[in-house]
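This is upload.cif. It holds mmCIF, C-alpha atoms; chains and numbers go by the auth columns.
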```
data_input
#
loop_
_atom_site.group_PDB
_atom_site.id
_atom_site.type_symbol
_atom_site.label_atom_id
_atom_site.label_comp_id
_atom_site.label_asym_id
_atom_site.label_seq_id
_atom_site.Cartn_x
_atom_site.Cartn_y
_atom_site.Cartn_z
_atom_site.B_iso_or_equiv
_atom_site.auth_seq_id
_atom_site.auth_asym_id
ATOM 1 C CA MET A 1 -33.580 32.193 125.583 0.00 26 A
ATOM 2 C CA ALA A 2 -31.265 29.706 127.194 0.00 27 A
ATOM 3 C CA LEU A 3 -33.572 26.939 126.134 0.00 28 A
ATOM 4 C CA ASP A 4 -33.468 28.155 122.512 0.00 29 A
ATOM 5 C CA MET A 5 -29.671 28.113 122.506 0.00 30 A
ATOM 6 C CA THR A 6 -29.660 24.611 123.848 0.00 31 A
ATOM 7 C CA PHE A 7 -32.119 23.516 121.207 0.00 32 A
ATOM 8 C CA ASN A 8 -30.073 25.253 118.458 0.00 33 A
ATOM 9 C CA GLU A 9 -26.869 23.736 119.735 0.00 34 A
ATOM 10 C CA MET A 10 -28.495 20.321 119.914 0.00 35 A
ATOM 11 C CA LEU A 11 -29.875 20.740 116.397 0.00 36 A
ATOM 12 C CA ASN A 12 -26.424 21.780 115.146 0.00 37 A
ATOM 13 C CA ASN A 13 -24.867 18.762 116.845 0.00 38 A
ATOM 14 C CA VAL A 14 -27.432 16.401 115.350 0.00 39 A
ATOM 15 C CA LEU A 15 -26.938 17.894 111.885 0.00 40 A
ATOM 16 C CA TYR A 16 -23.164 17.708 112.304 0.00 41 A
ATOM 17 C CA ILE A 17 -23.380 14.032 113.292 0.00 42 A
ATOM 18 C CA LEU A 18 -25.729 13.275 110.403 0.00 43 A
ATOM 19 C CA ILE A 19 -23.456 15.034 107.930 0.00 44 A
ATOM 20 C CA VAL A 20 -20.342 13.321 109.283 0.00 45 A
ATOM 21 C CA CYS A 21 -22.029 9.907 109.136 0.00 46 A
ATOM 22 C CA ILE A 22 -24.079 10.239 105.963 0.00 47 A
ATOM 23 C CA LEU A 23 -21.720 12.236 103.752 0.00 48 A
ATOM 24 C CA PRO A 24 -19.124 9.438 103.378 0.00 49 A
ATOM 25 C CA VAL A 25 -21.890 6.933 102.607 0.00 50 A
ATOM 26 C CA LEU A 26 -23.401 9.260 100.006 0.00 51 A
ATOM 27 C CA THR A 27 -19.970 9.946 98.542 0.00 52 A
ATOM 28 C CA ARG A 28 -19.190 6.225 98.309 0.00 53 A
ATOM 29 C CA TYR A 29 -22.589 5.616 96.696 0.00 54 A
ATOM 30 C CA GLY A 30 -21.994 8.456 94.228 0.00 55 A
ATOM 31 C CA ILE A 31 -18.581 7.053 93.314 0.00 56 A
ATOM 32 C CA ARG A 32 -20.084 3.593 92.753 0.00 57 A
ATOM 33 C CA ILE A 33 -22.748 5.069 90.484 0.00 58 A
ATOM 34 C CA ALA A 34 -20.108 7.005 88.536 0.00 59 A
ATOM 35 C CA LYS A 35 -17.956 3.873 88.118 0.00 60 A
ATOM 36 C CA ALA A 36 -20.982 1.863 86.980 0.00 61 A
ATOM 37 C CA LYS A 37 -21.847 4.544 84.411 0.00 62 A
ATOM 38 C CA ILE A 38 -18.245 4.571 83.148 0.00 63 A
ATOM 39 C CA ARG A 39 -18.317 0.757 82.778 0.00 64 A
ATOM 40 C CA GLU A 40 -21.642 1.026 80.970 0.00 65 A
ATOM 41 C CA ILE A 41 -20.249 3.640 78.593 0.00 66 A
ATOM 42 C CA ASN A 42 -17.181 1.466 77.942 0.00 67 A
ATOM 43 C CA ILE A 43 -19.387 -1.574 77.227 0.00 68 A
ATOM 44 C CA ILE A 44 -21.488 0.468 74.811 0.00 69 A
ATOM 45 C CA LYS A 45 -18.322 1.796 73.158 0.00 70 A
ATOM 46 C CA GLU A 46 -16.847 -1.722 72.807 0.00 71 A
ATOM 47 C CA THR A 47 -20.130 -3.099 71.468 0.00 72 A
ATOM 48 C CA THR A 48 -20.367 -0.287 68.931 0.00 73 A
ATOM 49 C CA GLN A 49 -16.742 -0.800 67.924 0.00 74 A
ATOM 50 C CA ASN A 50 -17.280 -4.573 67.582 0.00 75 A
ATOM 51 C CA GLU A 51 -20.410 -4.004 65.485 0.00 76 A
ATOM 52 C CA ASN A 52 -18.488 -1.561 63.309 0.00 77 A
ATOM 53 C CA MET A 53 -15.634 -4.041 62.832 0.00 78 A
ATOM 54 C CA SER A 54 -18.125 -6.808 62.108 0.00 79 A
ATOM 55 C CA ASN A 55 -19.794 -4.676 59.429 0.00 80 A
ATOM 56 C CA ILE A 56 -16.419 -3.847 57.892 0.00 81 A
ATOM 57 C CA VAL A 57 -15.524 -7.557 57.678 0.00 82 A
ATOM 58 C CA LYS A 58 -18.975 -8.404 56.250 0.00 83 A
ATOM 59 C CA ASP A 59 -18.510 -5.742 53.573 0.00 84 A
ATOM 60 C CA ALA A 60 -15.078 -7.157 52.740 0.00 85 A
ATOM 61 C CA LEU A 61 -16.552 -10.667 52.480 0.00 86 A
ATOM 62 C CA SER A 62 -19.193 -9.324 50.133 0.00 87 A
ATOM 63 C CA ASP A 63 -16.451 -7.712 48.043 0.00 88 A
ATOM 64 C CA VAL A 64 -14.599 -11.049 47.855 0.00 89 A
ATOM 65 C CA MET A 65 -17.735 -12.826 46.694 0.00 90 A
ATOM 66 C CA ASP A 66 -18.395 -10.108 44.117 0.00 91 A
ATOM 67 C CA ALA A 67 -14.820 -10.402 42.819 0.00 92 A
ATOM 68 C CA VAL A 68 -15.101 -14.188 42.493 0.00 93 A
ATOM 69 C CA LEU A 69 -18.464 -13.945 40.719 0.00 94 A
ATOM 70 C CA TYR A 70 -17.108 -11.260 38.401 0.00 95 A
ATOM 71 C CA VAL A 71 -14.093 -13.359 37.401 0.00 96 A
ATOM 72 C CA ASN A 72 -16.361 -16.366 37.047 0.00 97 A
ATOM 73 C CA GLN A 73 -18.586 -14.479 34.611 0.00 98 A
ATOM 74 C CA ILE A 74 -15.914 -12.816 32.474 0.00 99 A
ATOM 75 C CA TYR A 75 -13.198 -15.461 32.529 0.00 100 A
ATOM 76 C CA THR A 76 -13.987 -18.860 34.003 0.00 101 A
ATOM 77 C CA ASP A 77 -17.350 -19.593 32.379 0.00 102 A
ATOM 78 C CA SER A 78 -16.072 -19.106 28.838 0.00 103 A
ATOM 79 C CA LEU A 79 -13.023 -21.290 29.445 0.00 104 A
ATOM 80 C CA LYS A 80 -15.161 -24.023 30.986 0.00 105 A
ATOM 81 C CA ALA A 81 -17.570 -23.866 28.051 0.00 106 A
ATOM 82 C CA ASN A 82 -14.640 -24.411 25.652 0.00 107 A
ATOM 83 C CA GLY A 83 -13.077 -27.138 27.816 0.00 108 A
ATOM 84 C CA LYS A 84 -9.961 -25.033 28.450 0.00 109 A
ATOM 85 C CA PHE A 85 -10.231 -24.556 32.195 0.00 110 A
ATOM 86 C CA ASP A 86 -7.027 -26.330 33.242 0.00 111 A
ATOM 87 C CA LYS A 87 -4.689 -25.871 36.207 0.00 112 A
ATOM 88 C CA THR A 88 -3.064 -22.786 34.658 0.00 113 A
ATOM 89 C CA ALA A 89 -6.459 -21.218 33.988 0.00 114 A
ATOM 90 C CA GLN A 90 -7.504 -21.947 37.579 0.00 115 A
ATOM 91 C CA GLU A 91 -4.436 -20.139 38.890 0.00 116 A
ATOM 92 C CA GLU A 92 -5.121 -17.218 36.545 0.00 117 A
ATOM 93 C CA ALA A 93 -8.744 -17.074 37.732 0.00 118 A
ATOM 94 C CA PHE A 94 -7.576 -17.025 41.352 0.00 119 A
ATOM 95 C CA ASN A 95 -5.080 -14.248 40.624 0.00 120 A
ATOM 96 C CA ARG A 96 -7.727 -12.195 38.841 0.00 121 A
ATOM 97 C CA ALA A 97 -10.169 -12.642 41.726 0.00 122 A
ATOM 98 C CA TYR A 98 -7.412 -11.693 44.168 0.00 123 A
ATOM 99 C CA ILE A 99 -6.619 -8.483 42.263 0.00 124 A
ATOM 100 C CA GLU A 100 -10.314 -7.586 41.915 0.00 125 A
ATOM 101 C CA ALA A 101 -10.911 -8.163 45.630 0.00 126 A
ATOM 102 C CA MET A 102 -7.823 -6.126 46.558 0.00 127 A
ATOM 103 C CA ASN A 103 -9.148 -3.240 44.470 0.00 128 A
ATOM 104 C CA MET A 104 -12.629 -3.462 45.979 0.00 129 A
ATOM 105 C CA ILE A 105 -11.792 -3.861 49.676 0.00 130 A
ATOM 106 C CA SER A 106 -11.178 -0.576 51.472 0.00 131 A
ATOM 107 C CA ASN A 107 -7.896 0.219 53.191 0.00 132 A
ATOM 108 C CA GLU A 108 -9.775 0.493 56.479 0.00 133 A
ATOM 109 C CA ALA A 109 -11.121 -3.038 56.015 0.00 134 A
ATOM 110 C CA LYS A 110 -7.637 -4.319 55.183 0.00 135 A
ATOM 111 C CA LYS A 111 -6.307 -2.812 58.423 0.00 136 A
ATOM 112 C CA VAL A 112 -9.182 -4.185 60.514 0.00 137 A
ATOM 113 C CA ILE A 113 -8.860 -7.668 59.015 0.00 138 A
ATOM 114 C CA ASN A 114 -5.103 -7.625 59.505 0.00 139 A
ATOM 115 C CA GLN A 115 -5.660 -6.624 63.131 0.00 140 A
ATOM 116 C CA LEU A 116 -8.328 -9.289 63.727 0.00 141 A
ATOM 117 C CA TYR A 117 -6.856 -12.205 61.779 0.00 142 A
ATOM 118 C CA GLY A 118 -3.130 -11.468 61.770 0.00 143 A
ATOM 119 C CA SER A 119 -2.715 -11.484 57.998 0.00 144 A
ATOM 120 C CA PHE A 120 -4.965 -9.806 55.472 0.00 145 A
ATOM 121 C CA ASP A 121 -3.292 -11.650 52.589 0.00 146 A
ATOM 122 C CA LYS A 122 -3.866 -15.089 54.121 0.00 147 A
ATOM 123 C CA TRP A 123 -7.448 -14.149 55.061 0.00 148 A
ATOM 124 C CA LEU A 124 -8.135 -13.000 51.500 0.00 149 A
ATOM 125 C CA GLN A 125 -6.719 -16.177 49.963 0.00 150 A
ATOM 126 C CA LEU A 126 -8.874 -18.345 52.243 0.00 151 A
ATOM 127 C CA LYS A 127 -11.997 -16.295 51.555 0.00 152 A
ATOM 128 C CA ILE A 128 -11.469 -16.460 47.790 0.00 153 A
ATOM 129 C CA GLU A 129 -11.190 -20.246 48.011 0.00 154 A
ATOM 130 C CA SER A 130 -14.345 -20.341 50.150 0.00 155 A
ATOM 131 C CA ALA A 131 -16.179 -18.089 47.702 0.00 156 A
ATOM 132 C CA VAL A 132 -15.090 -20.268 44.769 0.00 157 A
ATOM 133 C CA ASN A 133 -16.374 -23.371 46.573 0.00 158 A
ATOM 134 C CA ALA A 134 -19.654 -21.613 47.445 0.00 159 A
ATOM 135 C CA ALA A 135 -20.068 -20.532 43.831 0.00 160 A
ATOM 136 C CA LYS A 136 -19.403 -24.097 42.646 0.00 161 A
ATOM 137 C CA ASN A 137 -21.988 -25.482 45.072 0.00 162 A
ATOM 138 C CA ASN A 138 -24.574 -22.932 43.976 0.00 163 A
ATOM 139 C CA ASN A 139 -24.009 -23.803 40.313 0.00 164 A
ATOM 140 C CA ALA A 140 -24.209 -27.540 40.911 0.00 165 A
#
```
Will you turn the file into structure tokens for me?
Amino acid sequence: MALDMTFNEMLNNVLYILIVCILPVLTRYGIRIAKAKIREINIIKETTQNENMSNIVKDALSDVMDAVLYVNQIYTDSLKANGKFDKTAQEEAFNRAYIEAMNMISNEAKKVINQLYGSFDKWLQLKIESAVNAAKNNNA
């Protein structure tokens, strides 16, 4: 019996030492895994958010191009055909494209673009000019 107690005590001591030594290592490893998973989730979240914002901006760009093409079809082409597309008509065409684009672009897109580029209005003006130039180059 005395030998069994000694063996049990020794086994308890060995288990105690193992637990005291291994538990902190396992805990540290578990914490590292948890932190890595949290970083991974945050990266996935940021990537998804960036993709979402990118899609919103692409949709807004498409809306700008549609607005420019619409104004080109209903306003600009007829004036050009009649030789009446002067500076005033150009400004009117720009204003019409601006209004059409404003009506087509969602409020969410306006907020995102304002957040990304600092000024939705300035962004829209530049994109209309770019769309006009692209339309000119495609018609040439």
Q. Separation of CA of Lys105 in chain A and CA of Tyr123 in chain A, in Å?
A.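 Calculated distance between CA of Lys105 in chain A and CA of Tyr123 in chain A is 19.6 Å.
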Q. Using only C-alpha atoms, which of A:Leu51, A:Leu43, A:Ile153, A:Ile63 sits nearest Asp88 in chain A?
A.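 Checking each candidate against Asp88 in chain A, we get A:Ile153 as the closest.
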Q: List the neighbours of Ser131 in chain A out to 12 Å using all atoms listed in the file; skip same-chain residues closer than 2 positions along the sequence, and give me the result as a ChimeraX atom specification.
A: /A:81-82,84-89,125-129,133-138,145
Q) Between CA of Val93 in chain A and CA of Ala122 in chain A, what is the distance, to one decimal in Å? A)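 A separation of 5.2 Å between them.
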Q: Taking the file above as input, evaluate the PyMOL selection byres ((chain A and resi 94) around 12) and report the hits as a PyMOL selection string.
A: chain A and resi 87-93+95-102+118-119+121-123+125-126+153+156-161+163-164
Q: Calculate how many Å separate CA of Met78 in chain A from CA of Asn139 in chain A, rounding to one decimal.
A: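 Separating CA of Met78 in chain A from CA of Asn139 in chain A is a distance of 11.6 Å.
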With N, CA and C atoms as the goal, would you fill in the gaps in range 51-74 of chain A and present it as a PDB file, keeping the file's coordinate frame?
```pdb
ATOM      1  N   LEU A  51     -22.911   8.672 101.251  1.00  0.00           N
ATOM      2  CA  LEU A  51     -23.401   9.260 100.006  1.00  0.00           C
ATOM      3  C   LEU A  51     -22.280   9.411  98.983  1.00  0.00           C
ATOM      4  N   THR A  52     -21.121   9.797  99.437  1.00  0.00           N
ATOM      5  CA  THR A  52     -19.970   9.946  98.542  1.00  0.00           C
ATOM      6  C   THR A  52     -19.595   8.596  97.948  1.00  0.00           C
ATOM      7  N   ARG A  53     -19.525   7.567  98.784  1.00  0.00           N
ATOM      8  CA  ARG A  53     -19.190   6.225  98.309  1.00  0.00           C
ATOM      9  C   ARG A  53     -20.237   5.748  97.294  1.00  0.00           C
ATOM     10  N   TYR A  54     -21.514   5.990  97.605  1.00  0.00           N
ATOM     11  CA  TYR A  54     -22.589   5.616  96.696  1.00  0.00           C
ATOM     12  C   TYR A  54     -22.472   6.369  95.366  1.00  0.00           C
ATOM     13  N   GLY A  55     -22.170   7.646  95.436  1.00  0.00           N
ATOM     14  CA  GLY A  55     -21.994   8.456  94.228  1.00  0.00           C
ATOM     15  C   GLY A  55     -20.832   7.957  93.385  1.00  0.00           C
ATOM     16  N   ILE A  56     -19.748   7.581  94.035  1.00  0.00           N
ATOM     17  CA  ILE A  56     -18.581   7.053  93.314  1.00  0.00           C
ATOM     18  C   ILE A  56     -18.931   5.730  92.638  1.00  0.00           C
ATOM     19  N   ARG A  57     -19.665   4.872  93.345  1.00  0.00           N
ATOM     20  CA  ARG A  57     -20.084   3.593  92.753  1.00  0.00           C
ATOM     21  C   ARG A  57     -20.969   3.817  91.521  1.00  0.00           C
ATOM     22  N   ILE A  58     -21.878   4.761  91.620  1.00  0.00           N
ATOM     23  CA  ILE A  58     -22.748   5.069  90.484  1.00  0.00           C
ATOM     24  C   ILE A  58     -21.909   5.579  89.306  1.00  0.00           C
ATOM     25  N   ALA A  59     -20.961   6.465  89.595  1.00  0.00           N
ATOM     26  CA  ALA A  59     -20.108   7.005  88.536  1.00  0.00           C
ATOM     27  C   ALA A  59     -19.288   5.893  87.875  1.00  0.00           C
ATOM     28  N   LYS A  60     -18.736   4.987  88.675  1.00  0.00           N
ATOM     29  CA  LYS A  60     -17.956   3.873  88.118  1.00  0.00           C
ATOM     30  C   LYS A  60     -18.841   2.958  87.270  1.00  0.00           C
ATOM     31  N   ALA A  61     -20.059   2.710  87.741  1.00  0.00           N
ATOM     32  CA  ALA A  61     -20.982   1.863  86.980  1.00  0.00           C
ATOM     33  C   ALA A  61     -21.324   2.516  85.649  1.00  0.00           C
ATOM     34  N   LYS A  62     -21.541   3.823  85.653  1.00  0.00           N
ATOM     35  CA  LYS A  62     -21.847   4.544  84.411  1.00  0.00           C
ATOM     36  C   LYS A  62     -20.654   4.502  83.457  1.00  0.00           C
ATOM     37  N   ILE A  63     -19.458   4.630  83.981  1.00  0.00           N
ATOM     38  CA  ILE A  63     -18.245   4.571  83.148  1.00  0.00           C
ATOM     39  C   ILE A  63     -18.121   3.178  82.523  1.00  0.00           C
ATOM     40  N   ARG A  64     -18.365   2.120  83.331  1.00  0.00           N
ATOM     41  CA  ARG A  64     -18.317   0.757  82.778  1.00  0.00           C
ATOM     42  C   ARG A  64     -19.374   0.576  81.697  1.00  0.00           C
ATOM     43  N   GLU A  65     -20.553   1.119  81.946  1.00  0.00           N
ATOM     44  CA  GLU A  65     -21.642   1.026  80.970  1.00  0.00           C
ATOM     45  C   GLU A  65     -21.268   1.731  79.667  1.00  0.00           C
ATOM     46  N   ILE A  66     -20.677   2.896  79.783  1.00  0.00           N
ATOM     47  CA  ILE A  66     -20.249   3.640  78.593  1.00  0.00           C
ATOM     48  C   ILE A  66     -19.174   2.852  77.842  1.00  0.00           C
ATOM     49  N   ASN A  67     -18.238   2.257  78.585  1.00  0.00           N
ATOM     50  CA  ASN A  67     -17.181   1.466  77.942  1.00  0.00           C
ATOM     51  C   ASN A  67     -17.751   0.239  77.242  1.00  0.00           C
ATOM     52  N   ILE A  68     -18.752  -0.406  77.851  1.00  0.00           N
ATOM     53  CA  ILE A  68     -19.387  -1.574  77.227  1.00  0.00           C
ATOM     54  C   ILE A  68     -20.091  -1.152  75.948  1.00  0.00           C
ATOM     55  N   ILE A  69     -20.804  -0.036  75.999  1.00  0.00           N
ATOM     56  CA  ILE A  69     -21.488   0.468  74.811  1.00  0.00           C
ATOM     57  C   ILE A  69     -20.476   0.804  73.726  1.00  0.00           C
ATOM     58  N   LYS A  70     -19.372   1.430  74.125  1.00  0.00           N
ATOM     59  CA  LYS A  70     -18.322   1.796  73.158  1.00  0.00           C
ATOM     60  C   LYS A  70     -17.724   0.542  72.517  1.00  0.00           C
ATOM     61  N   GLU A  71     -17.417  -0.480  73.337  1.00  0.00           N
ATOM     62  CA  GLU A  71     -16.847  -1.722  72.807  1.00  0.00           C
ATOM     63  C   GLU A  71     -17.836  -2.427  71.890  1.00  0.00           C
ATOM     64  N   THR A  72     -19.109  -2.452  72.288  1.00  0.00           N
ATOM     65  CA  THR A  72     -20.130  -3.099  71.468  1.00  0.00           C
ATOM     66  C   THR A  72     -20.255  -2.389  70.122  1.00  0.00           C
ATOM     67  N   THR A  73     -20.277  -1.067  70.164  1.00  0.00           N
ATOM     68  CA  THR A  73     -20.367  -0.287  68.931  1.00  0.00           C
ATOM     69  C   THR A  73     -19.149  -0.538  68.057  1.00  0.00           C
ATOM     70  N   GLN A  74     -17.972  -0.558  68.681  1.00  0.00           N
ATOM     71  CA  GLN A  74     -16.742  -0.800  67.924  1.00  0.00           C
ATOM     72  C   GLN A  74     -16.758  -2.200  67.317  1.00  0.00           C
TER      73      GLN A  74
END
```
